[in-house]
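Here is the structure we will look at, set down as structure tokens.
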Amino acid sequence: MGRLFVGCGWQLAGEMPDVPRAILIAAPHSSWWDGVWGLGVKIAIGADVSFMAKRELFFWPLGWFLRKLGGIPIERSATRGVVEQMAARLRDSTQLWIGIAPEGTRKKVSKWKTGFWHIARKADVPIVLVYFHYPERTIGFGPLFHTTDDMEADLDRLRDFYAPWRGKYRSIG
């Protein structure tokens, strides 16, 4: 896809898949800059991607701006029903991508949150793999991923895909 944000030196790699509905996961998520660069890409390429983010980010005036860009505030301490709500939203839409950071935080975690997998499975949509690779200032699209009946094996395969990519402060492994 080539150069993007010429003044900042970031580039896009891979091809954005042509699917109407999907869960998009972006990793590694190690800095608030990931959101800045991710939203920049979304705007620059005109991608219609909604994204889930912690409710605390949706304060005035940033909240208005994030909602305008497709932000969906999530109360992380009371996540009951989020999977079902997001799966229903996907099933009921003819065109919708929902972006999620599988780590659920910028901190290093030993296990990913699994909501994205459950949403994709319940809505019967593929997962779009997006990675940040700070050493080369690259945001890339990987292959479409389709869930199977084995969540643990799927998560292992996803983590293997993300293993080479380096966030601002760390990698997945």
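Convention: chains lettered A, B, ... in structure tokens order; per-chain residue numbering from 1; ligands numbered from 1 as shown.
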
Find the residues of range 30-91 of chain A that sit at most 12 Å from range 130-148 of chain A; for each, write down the nearest two atoms and how far apart they are in Å, to one decimal. Count only C-alpha atoms. Sort by chain, then by number going up, and give it as CSV.
residue,atom,partner,partner_atom,distance
A:Ser30,CA,A:Phe132,CA,9.6
A:Ser31,CA,A:Phe132,CA,10.6
A:Trp33,CA,A:Tyr134,CA,10.4
A:Asp34,CA,A:Phe132,CA,7.6
A:Gly35,CA,A:Phe132,CA,10.6
A:Val36,CA,A:Phe132,CA,11.9
A:Trp37,CA,A:Ile139,CA,8.4
A:Gly38,CA,A:Ile139,CA,8.0
A:Leu39,CA,A:Ile139,CA,11.4
A:Gly40,CA,A:Ile139,CA,10.8
A:Val41,CA,A:Ile139,CA,8.4
A:Lys42,CA,A:Ile139,CA,11.1

Write a file of the selected residues as a PDB file, in the first residue's frame, keeping C-alpha atoms.
ATOM      1  CA  SER A  30       1.842  -0.980  23.840  1.00  0.00           C
ATOM      2  CA  SER A  31       1.341   2.774  23.554  1.00  0.00           C
ATOM      3  CA  TRP A  33       0.323   6.277  19.975  1.00  0.00           C
ATOM      4  CA  ASP A  34      -1.173   3.074  18.517  1.00  0.00           C
ATOM      5  CA  GLY A  35      -4.579   4.722  18.666  1.00  0.00           C
ATOM      6  CA  VAL A  36      -3.272   7.909  17.071  1.00  0.00           C
ATOM      7  CA  TRP A  37      -1.598   6.061  14.186  1.00  0.00           C
ATOM      8  CA  GLY A  38      -4.520   3.642  13.823  1.00  0.00           C
ATOM      9  CA  LEU A  39      -7.061   6.456  13.590  1.00  0.00           C
ATOM     10  CA  GLY A  40      -4.748   8.268  11.177  1.00  0.00           C
ATOM     11  CA  VAL A  41      -4.733   5.228   8.888  1.00  0.00           C
ATOM     12  CA  LYS A  42      -8.504   4.876   9.192  1.00  0.00           C
TER      13      LYS A  42
END

Within 10 Å of Glu56 in chain A using only C-alpha atoms, minus same-chain residues under 5 positions, as a VMD selection string: chain A and resid 63 73 to 76

Neighbour list for Leu66 in chain A as a list in words, cut-off 12 Å, only C-alpha atoms, skip fewer than 2 positions in-chain: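 What passes the distance filter is Gly35, Val36, Leu39, Val49, Ser50, Phe51, Met52, Ala53, Lys54, Arg55, Glu56, Leu57, Phe58, Phe59, Trp60, Pro61, Leu62, Gly63, Trp64, Lys68, Leu69, Gly70, Gly71, Ile72 and Pro73 of chain A.
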
Next, dump the selected residues to file, keeping only C-alpha atoms, as a compact mmCIF listing (two decimals), in the first residue's frame.
# COMPACT_ATOMS: atom_id res chain seq x y z
CA GLY A 35 -4.58 4.72 18.67
CA VAL A 36 -3.27 7.91 17.07
CA LEU A 39 -7.06 6.46 13.59
CA VAL A 49 -14.11 0.83 11.01
CA SER A 50 -15.82 1.23 14.36
CA PHE A 51 -13.69 0.47 17.38
CA MET A 52 -14.19 -0.52 20.97
CA ALA A 53 -12.30 1.49 23.60
CA LYS A 54 -12.44 1.96 27.35
CA ARG A 55 -15.20 4.30 28.48
CA GLU A 56 -12.69 6.52 30.29
CA LEU A 57 -11.43 7.86 26.94
CA PHE A 58 -14.84 9.29 26.05
CA PHE A 59 -14.67 12.49 28.09
CA TRP A 60 -15.51 15.91 26.63
CA PRO A 61 -14.36 17.04 24.07
CA LEU A 62 -12.40 13.90 23.08
CA GLY A 63 -15.49 11.71 23.51
CA TRP A 64 -17.40 13.54 20.79
CA LYS A 68 -17.55 10.66 15.37
CA LEU A 69 -14.67 8.42 14.26
CA GLY A 70 -16.63 5.26 15.15
CA GLY A 71 -15.68 4.81 18.81
CA ILE A 72 -17.82 2.53 20.96
CA PRO A 73 -17.26 3.13 24.70

How would you write, as a PyMOL selection string, the set of residues in chain A that DSSP gives as strand (DSSP E or B)? chain A and resi 2-3+11-13+21-27+49-54+71-74+96-100+127-133+138-145+166+171

Neighbour list for range 110-113 of chain A as an mmCIF file with C-alpha atoms, in the first residue's frame, cut-off 9 Å, only C-alpha atoms, skip fewer than 5 positions in-chain:
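Contents of around_39.cif, freshly written:
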data_model
loop_
_atom_site.group_PDB
_atom_site.id
_atom_site.type_symbol
_atom_site.label_atom_id
_atom_site.label_comp_id
_atom_site.auth_asym_id
_atom_site.auth_seq_id
_atom_site.Cartn_x
_atom_site.Cartn_y
_atom_site.Cartn_z
ATOM 1 C CA ALA A 101 -7.033 -4.560 20.809
ATOM 2 C CA PRO A 102 -6.894 -8.239 21.847
ATOM 3 C CA GLU A 103 -4.570 -7.457 24.743
ATOM 4 C CA GLY A 104 -7.244 -5.219 26.240
ATOM 5 C CA LEU A 155 -5.392 -17.959 19.905
ATOM 6 C CA ILE A 172 3.558 -9.942 21.905
ATOM 7 C CA GLY A 173 5.796 -12.688 23.248
#

Using DSSP secondary structure from the backbone, list all alpha helix (DSSP H) positions within range 27-156 of chain A, as a CSV table (one decimal) with N, CA and C atoms, in the first residue's frame.
chain,number,residue,atom,x,y,z
A,33,TRP,N,0.1,5.9,21.4
A,33,TRP,CA,0.3,6.3,20.0
A,33,TRP,C,-0.3,5.3,19.0
A,34,ASP,N,-0.5,4.1,19.4
A,34,ASP,CA,-1.2,3.1,18.5
A,34,ASP,C,-2.5,3.6,18.1
A,35,GLY,N,-3.3,4.2,19.0
A,35,GLY,CA,-4.6,4.7,18.7
A,35,GLY,C,-4.5,5.9,17.7
A,36,VAL,N,-3.5,6.7,17.9
A,36,VAL,CA,-3.3,7.9,17.1
A,36,VAL,C,-3.0,7.4,15.7
A,37,TRP,N,-2.0,6.5,15.5
A,37,TRP,CA,-1.6,6.1,14.2
A,37,TRP,C,-2.7,5.3,13.6
A,38,GLY,N,-3.4,4.4,14.3
A,38,GLY,CA,-4.5,3.6,13.8
A,38,GLY,C,-5.6,4.5,13.3
A,39,LEU,N,-6.0,5.5,14.1
A,39,LEU,CA,-7.1,6.5,13.6
A,39,LEU,C,-6.6,7.2,12.4
A,40,GLY,N,-5.3,7.6,12.3
A,40,GLY,CA,-4.7,8.3,11.2
A,40,GLY,C,-4.9,7.4,9.9
A,41,VAL,N,-4.6,6.1,10.0
A,41,VAL,CA,-4.7,5.2,8.9
A,41,VAL,C,-6.2,5.1,8.5
A,42,LYS,N,-7.1,5.0,9.5
A,42,LYS,CA,-8.5,4.9,9.2
A,42,LYS,C,-9.0,6.1,8.4
A,43,ILE,N,-8.6,7.3,8.8
A,43,ILE,CA,-9.0,8.5,8.1
A,43,ILE,C,-8.3,8.6,6.7
A,44,ALA,N,-7.0,8.3,6.7
A,44,ALA,CA,-6.3,8.4,5.4
A,44,ALA,C,-6.8,7.5,4.3
A,45,ILE,N,-7.1,6.3,4.6
A,45,ILE,CA,-7.6,5.4,3.6
A,45,ILE,C,-9.1,5.3,3.5
A,62,LEU,N,-12.9,15.1,23.8
A,62,LEU,CA,-12.4,13.9,23.1
A,62,LEU,C,-13.5,12.9,22.8
A,63,GLY,N,-14.4,12.7,23.7
A,63,GLY,CA,-15.5,11.7,23.5
A,63,GLY,C,-16.3,11.9,22.3
A,64,TRP,N,-16.6,13.2,22.0
A,64,TRP,CA,-17.4,13.5,20.8
A,64,TRP,C,-16.6,13.1,19.6
A,65,PHE,N,-15.3,13.5,19.6
A,65,PHE,CA,-14.4,13.2,18.4
A,65,PHE,C,-14.3,11.7,18.2
A,66,LEU,N,-14.1,10.9,19.3
A,66,LEU,CA,-13.9,9.5,19.2
A,66,LEU,C,-15.2,8.8,18.7
A,67,ARG,N,-16.4,9.3,19.2
A,67,ARG,CA,-17.6,8.7,18.7
A,67,ARG,C,-17.8,9.1,17.2
A,68,LYS,N,-17.5,10.3,16.8
A,68,LYS,CA,-17.6,10.7,15.4
A,68,LYS,C,-16.7,9.8,14.5
A,82,VAL,N,-21.5,-7.5,26.3
A,82,VAL,CA,-20.8,-6.8,25.3
A,82,VAL,C,-20.6,-7.8,24.1
A,83,VAL,N,-20.2,-9.0,24.3
A,83,VAL,CA,-20.0,-10.0,23.2
A,83,VAL,C,-21.3,-10.1,22.4
A,84,GLU,N,-22.4,-10.3,23.1
A,84,GLU,CA,-23.7,-10.5,22.5
A,84,GLU,C,-24.2,-9.3,21.7
A,85,GLN,N,-24.0,-8.1,22.4
A,85,GLN,CA,-24.3,-6.9,21.7
A,85,GLN,C,-23.6,-6.6,20.4
A,86,MET,N,-22.2,-6.8,20.5
A,86,MET,CA,-21.4,-6.6,19.3
A,86,MET,C,-21.7,-7.6,18.2
A,87,ALA,N,-21.9,-8.9,18.6
A,87,ALA,CA,-22.2,-9.9,17.6
A,87,ALA,C,-23.5,-9.6,17.0
A,88,ALA,N,-24.5,-9.2,17.7
A,88,ALA,CA,-25.8,-8.8,17.1
A,88,ALA,C,-25.7,-7.6,16.2
A,89,ARG,N,-24.9,-6.6,16.6
A,89,ARG,CA,-24.6,-5.5,15.7
A,89,ARG,C,-24.0,-5.9,14.4
A,90,LEU,N,-23.1,-6.8,14.5
A,90,LEU,CA,-22.5,-7.3,13.2
A,90,LEU,C,-23.5,-8.1,12.4
A,91,ARG,N,-24.2,-9.0,13.0
A,91,ARG,CA,-25.2,-9.8,12.3
A,91,ARG,C,-26.3,-8.9,11.6
A,115,GLY,N,-12.8,-11.8,24.0
A,115,GLY,CA,-14.1,-11.3,23.5
A,115,GLY,C,-14.1,-11.1,22.0
A,116,PHE,N,-13.0,-10.7,21.4
A,116,PHE,CA,-13.0,-10.6,20.0
A,116,PHE,C,-13.2,-11.9,19.3
A,117,TRP,N,-12.7,-13.0,19.8
A,117,TRP,CA,-12.9,-14.3,19.2
A,117,TRP,C,-14.3,-14.7,19.3
A,118,HIS,N,-14.9,-14.5,20.5
A,118,HIS,CA,-16.3,-14.9,20.7
A,118,HIS,C,-17.3,-14.1,19.8
A,119,ILE,N,-17.0,-12.8,19.7
A,119,ILE,CA,-17.8,-11.9,18.8
A,119,ILE,C,-17.7,-12.5,17.4
A,120,ALA,N,-16.5,-12.7,16.9
A,120,ALA,CA,-16.3,-13.2,15.5
A,120,ALA,C,-17.1,-14.5,15.3
A,121,ARG,N,-17.0,-15.4,16.3
A,121,ARG,CA,-17.6,-16.7,16.2
A,121,ARG,C,-19.1,-16.6,16.2
A,122,LYS,N,-19.6,-15.8,17.2
A,122,LYS,CA,-21.1,-15.7,17.3
A,122,LYS,C,-21.7,-15.0,16.0
A,123,ALA,N,-21.0,-14.0,15.5
A,123,ALA,CA,-21.5,-13.3,14.3
A,123,ALA,C,-21.1,-13.9,13.0
A,151,MET,N,-10.9,-22.6,20.4
A,151,MET,CA,-10.5,-21.3,20.7
A,151,MET,C,-9.0,-21.2,21.1
A,152,GLU,N,-8.5,-22.1,21.9
A,152,GLU,CA,-7.1,-22.1,22.3
A,152,GLU,C,-6.2,-22.3,21.2
A,153,ALA,N,-6.5,-23.2,20.3
A,153,ALA,CA,-5.6,-23.4,19.1
A,153,ALA,C,-5.6,-22.1,18.2
A,154,ASP,N,-6.8,-21.5,18.1
A,154,ASP,CA,-6.9,-20.3,17.3
A,154,ASP,C,-6.1,-19.2,17.9
A,155,LEU,N,-6.2,-19.0,19.2
A,155,LEU,CA,-5.4,-18.0,19.9
A,155,LEU,C,-3.9,-18.2,19.8
A,156,ASP,N,-3.5,-19.5,19.8
A,156,ASP,CA,-2.1,-19.8,19.6
A,156,ASP,C,-1.6,-19.4,18.2

One decimal, in Å: what's the spacing between CA of Asp18 in chain A and CA of Ser93 in chain A? 15.6 Å

Report the distance between CA of Ile127 in chain A and CA of Trp32 in chain A in Å, rounded to one decimal place.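 It comes out at 22.6 Å.
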